[in-house]
Each structure stands twice: as C-alpha cells, then as structure tokens.
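Peer 1: I'd like to ask you about the structure that follows.
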Amino acid sequence: MESFERSKQIIEVLENNNGYSTIDVLVKECNVSSMTIRRDLDKLQSDGIVEKRHGGAILNRFLHREEPYINKQNMNKNIKESIAENAIKLVNDNDIIVLDAGTTTLAIARLIKTKKNITVITSDTYIAIYLSRLNLKVCMAGGFIDNSTGCASSTFTIDFLKNLNVDIAFIGVSSINKNFDCMASNSDRAGIKKAMLDISSKSVLVADGSKFGISSFCKIASIKDFSHLITNYDFSLDDKALIEHENCSIIKI
C-alpha cells in the first residue's frame, strides 16, 4: 500500500473512532509496522491534518469540538473504568465528595455504591440522576444546563460551589498542554473546575493519555495544584520527579 493510501485509511479510522485512535489500532487496521504508522502520522501532522498524542493521534478538527456525551462515553472506555477503580480507593466511608461533569467521573459514580454514607455533589445531570436512582445522597450544583454535555455550566454553579467544603474532588479536563497546564474549553467550565479545586481538602485530576499534549481555550490550574493525578500517560522520569516534588502524587494505571 502506498503512503497516500495509508494516509487516507488512517484518516478514515480516526473519523470512525470520534477523531482519535491509538497507534496499535492503526497498525492493525493498516497492517504495517508501528514505525511506518509513526512516519505517516509525522507527515499528516506536518500537513496540519492530525496532531500526534501520547500513543496515538487525533484529527485536528476534533481538537476543540465538544463531542456529544454519548460519543465520549465510548472513547477510551476501558481506560476510564481503570481510572475509576483507582479513584474509588481514595474515597473513605462518610466522605463528602465532588464529581466534576464528564464520562470519567461518571465511571467513578458507578463505583460509589461500594462505599458507605457518601454524599456526592455534582454539576452533571447524568451523574446526579444515576446516583439518585441508587438512593444515595446527591446534591446538584445548579445553573443553566449545557445541552451538549448535560451539565450545569454558568456563574450560578460557581457561586453555589464556593459556599461548600468537601473531603475530595474528582476533576476532569479538556486537555493538558506541553507545560502541564490543565485546560477547559470555555471560561465557565474553567471557573467551575477551579471552584471544585478550591473547596476540596484533597483534589484528584482524572485524565486519560489522550488529553495530553494539546491546548484548549482556558487554563484551570497546573497539574502540581492537584494532590493526585490518575492517568495512563507515560511521563518522563524528569517530568514525574518534578510533578511529585510539588506534592502531586501520580497514580499510573
């Protein structure tokens, strides 16, 4: 297969997987070596078509687009479930916790029933409805609902959160840039995540490897501002040491 034919096939694979694919999947689909796929991705990146990510690539037109909730649920599902399994270990019985909006935090919500007497605060209507059906203590952080994500996302939500004090917050991000700044797609979402970070005694960043290496519109905080990071991302030894020196514990799945 010629390189231009592989490039076309790579783009088709990415489009069929909501804009993202791992190198391993591309190797299997194109039936070539990982070295060949990496060369093809280098060319596609130089042409502005894709952006290489840790262990994979994403189509540029998907970088800043807010995916429908149902699409997000199917992206990196196994990794999100593994993140959730590690996250729930940080929760103690009787804790008051915050779950940020998102499909990774929804995976955490599905494991809350393994703990006793937990109170959950969330801005995500999907999480709130799921937990309320289990007869758990749920507090909805209100505000105008973003129809694309099903989460409360406004200054009302921020004002509500500022009055609270919680044991642990689980926070997701749109992306993490090369300086390890955590980013959100708009200022309201960034403000909500900052508020969750500020009111928590322990703050946990949950992010799969596909979030690393790109920028979004608004900075939330730096990785070092969190007490924990749960991810499958492979840091260099120097970066890992630098982050952990700032008292952020990295939990590698």
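In the structure tokens, each chain is lettered A, B, ... as it comes, each chain's residues begin at 1, and ligands are numbered from 1 in order of appearance.
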From region 103-195 of chain A, collect each residue whose DSSP state is helix (DSSP H, G or I) and return the set as a PyMOL selection string.

Peer 2: chain A and resi 103-109+112-114+125-132+155-161+187-195

Peer 1: Among region 75-166 of chain A, which ones does DSSP assign to strand (DSSP E) (computed from the backbone)? Answer as a list in words.

Peer 2: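 The residues of region 75-166 of chain A classed as strand (DSSP E) are Ile96, Ile97, Val98, Leu99, Thr119, Val120, Ile121, Thr122, Lys137, Val138, Cys139, Met140, Ile145, Asp146, Cys151, Ala152 and Val166 of chain A.
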
Peer 1: Next, the residues of the selection above should be written as a PDB file, in the first residue's frame with C-alpha atoms.

Peer 2:
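Writing the result to out-v2.pdb gives the following:
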ATOM      1  CA  ILE A  96     -18.419  14.327  51.081  1.00  0.00           C
ATOM      2  CA  ILE A  97     -17.144  14.297  47.514  1.00  0.00           C
ATOM      3  CA  VAL A  98     -17.419  16.390  44.360  1.00  0.00           C
ATOM      4  CA  LEU A  99     -17.699  14.752  40.955  1.00  0.00           C
ATOM      5  CA  THR A 119     -22.591  12.483  49.933  1.00  0.00           C
ATOM      6  CA  VAL A 120     -21.971  13.444  46.293  1.00  0.00           C
ATOM      7  CA  ILE A 121     -22.045  16.961  44.886  1.00  0.00           C
ATOM      8  CA  THR A 122     -22.040  17.234  41.108  1.00  0.00           C
ATOM      9  CA  LYS A 137     -27.196  11.398  48.943  1.00  0.00           C
ATOM     10  CA  VAL A 138     -26.844  13.684  45.927  1.00  0.00           C
ATOM     11  CA  CYS A 139     -26.583  17.456  45.770  1.00  0.00           C
ATOM     12  CA  MET A 140     -26.937  19.074  42.348  1.00  0.00           C
ATOM     13  CA  ILE A 145     -27.646  23.410  31.608  1.00  0.00           C
ATOM     14  CA  ASP A 146     -25.274  22.999  28.675  1.00  0.00           C
ATOM     15  CA  CYS A 151     -24.028  19.646  32.913  1.00  0.00           C
ATOM     16  CA  ALA A 152     -24.716  22.877  34.771  1.00  0.00           C
ATOM     17  CA  VAL A 166     -15.689  18.825  50.745  1.00  0.00           C
TER      18      VAL A 166
END

Peer 1: Can you tell me which residues surround Tyr233 (chain A) at a distance of at most 8 Å, considering only C-alpha atoms, apart from same-chain residues fewer than 5 positions away, and format the answer as an NGL selection string?

Peer 2: :A and (54 or 208-209 or 212 or 252)

Peer 1: Could those selected residues go to a file with C-alpha atoms, as a PDB file, in the first residue's frame?

Peer 2:
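Generated output (again-v2.pdb):
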ATOM      1  CA  HIS A  54       0.711  10.040  23.528  1.00  0.00           C
ATOM      2  CA  ASP A 208      -6.515   9.564  30.192  1.00  0.00           C
ATOM      3  CA  GLY A 209      -3.460   9.808  27.964  1.00  0.00           C
ATOM      4  CA  PHE A 212      -2.053  15.309  26.984  1.00  0.00           C
ATOM      5  CA  LYS A 252      -0.268   5.294  36.965  1.00  0.00           C
TER       6      LYS A 252
END

Peer 1: Write out as a PDB file with C-alpha atoms, in the first residue's frame each polymer residue whose atoms come within 9 Å of Thr231 (chain A), counting only C-alpha atoms; drop sequence neighbours fewer than 5 positions from it.

Peer 2:
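Written out: out.pdb:
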ATOM      1  CA  ILE A  79      -9.054   3.278  30.492  1.00  0.00           C
ATOM      2  CA  LYS A  80     -11.763   5.395  32.148  1.00  0.00           C
ATOM      3  CA  ILE A  83      -9.053   5.259  36.347  1.00  0.00           C
ATOM      4  CA  LEU A 205      -7.182  15.074  38.480  1.00  0.00           C
ATOM      5  CA  VAL A 206      -8.518  12.228  36.325  1.00  0.00           C
ATOM      6  CA  ALA A 207      -7.216  12.261  32.749  1.00  0.00           C
ATOM      7  CA  ASP A 208      -6.515   9.564  30.192  1.00  0.00           C
ATOM      8  CA  GLY A 209      -3.460   9.808  27.964  1.00  0.00           C
ATOM      9  CA  ILE A 250       0.873  10.276  40.297  1.00  0.00           C
ATOM     10  CA  ILE A 251      -1.185   7.086  40.191  1.00  0.00           C
ATOM     11  CA  LYS A 252      -0.268   5.294  36.965  1.00  0.00           C
ATOM     12  CA  ILE A 253      -2.777   2.764  35.690  1.00  0.00           C
TER      13      ILE A 253
END

Peer 1: Could you tell me how far CA of Thr22 (chain A) lies from CA of Ile37 (chain A), in Å and to one decimal?

Peer 2: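 About the pair CA of Thr22 (chain A) and CA of Ile37 (chain A): they are 10.5 Å apart.
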
Peer 1: I'd like the contact shell of Ser200 (chain A) - 12 Å cut-off, only C-alpha atoms, skipping same-chain residues fewer than 5 positions apart - returned as number ranges by chain.

Peer 2: A: 95-99, 121, 161-171, 193-195, 225-227
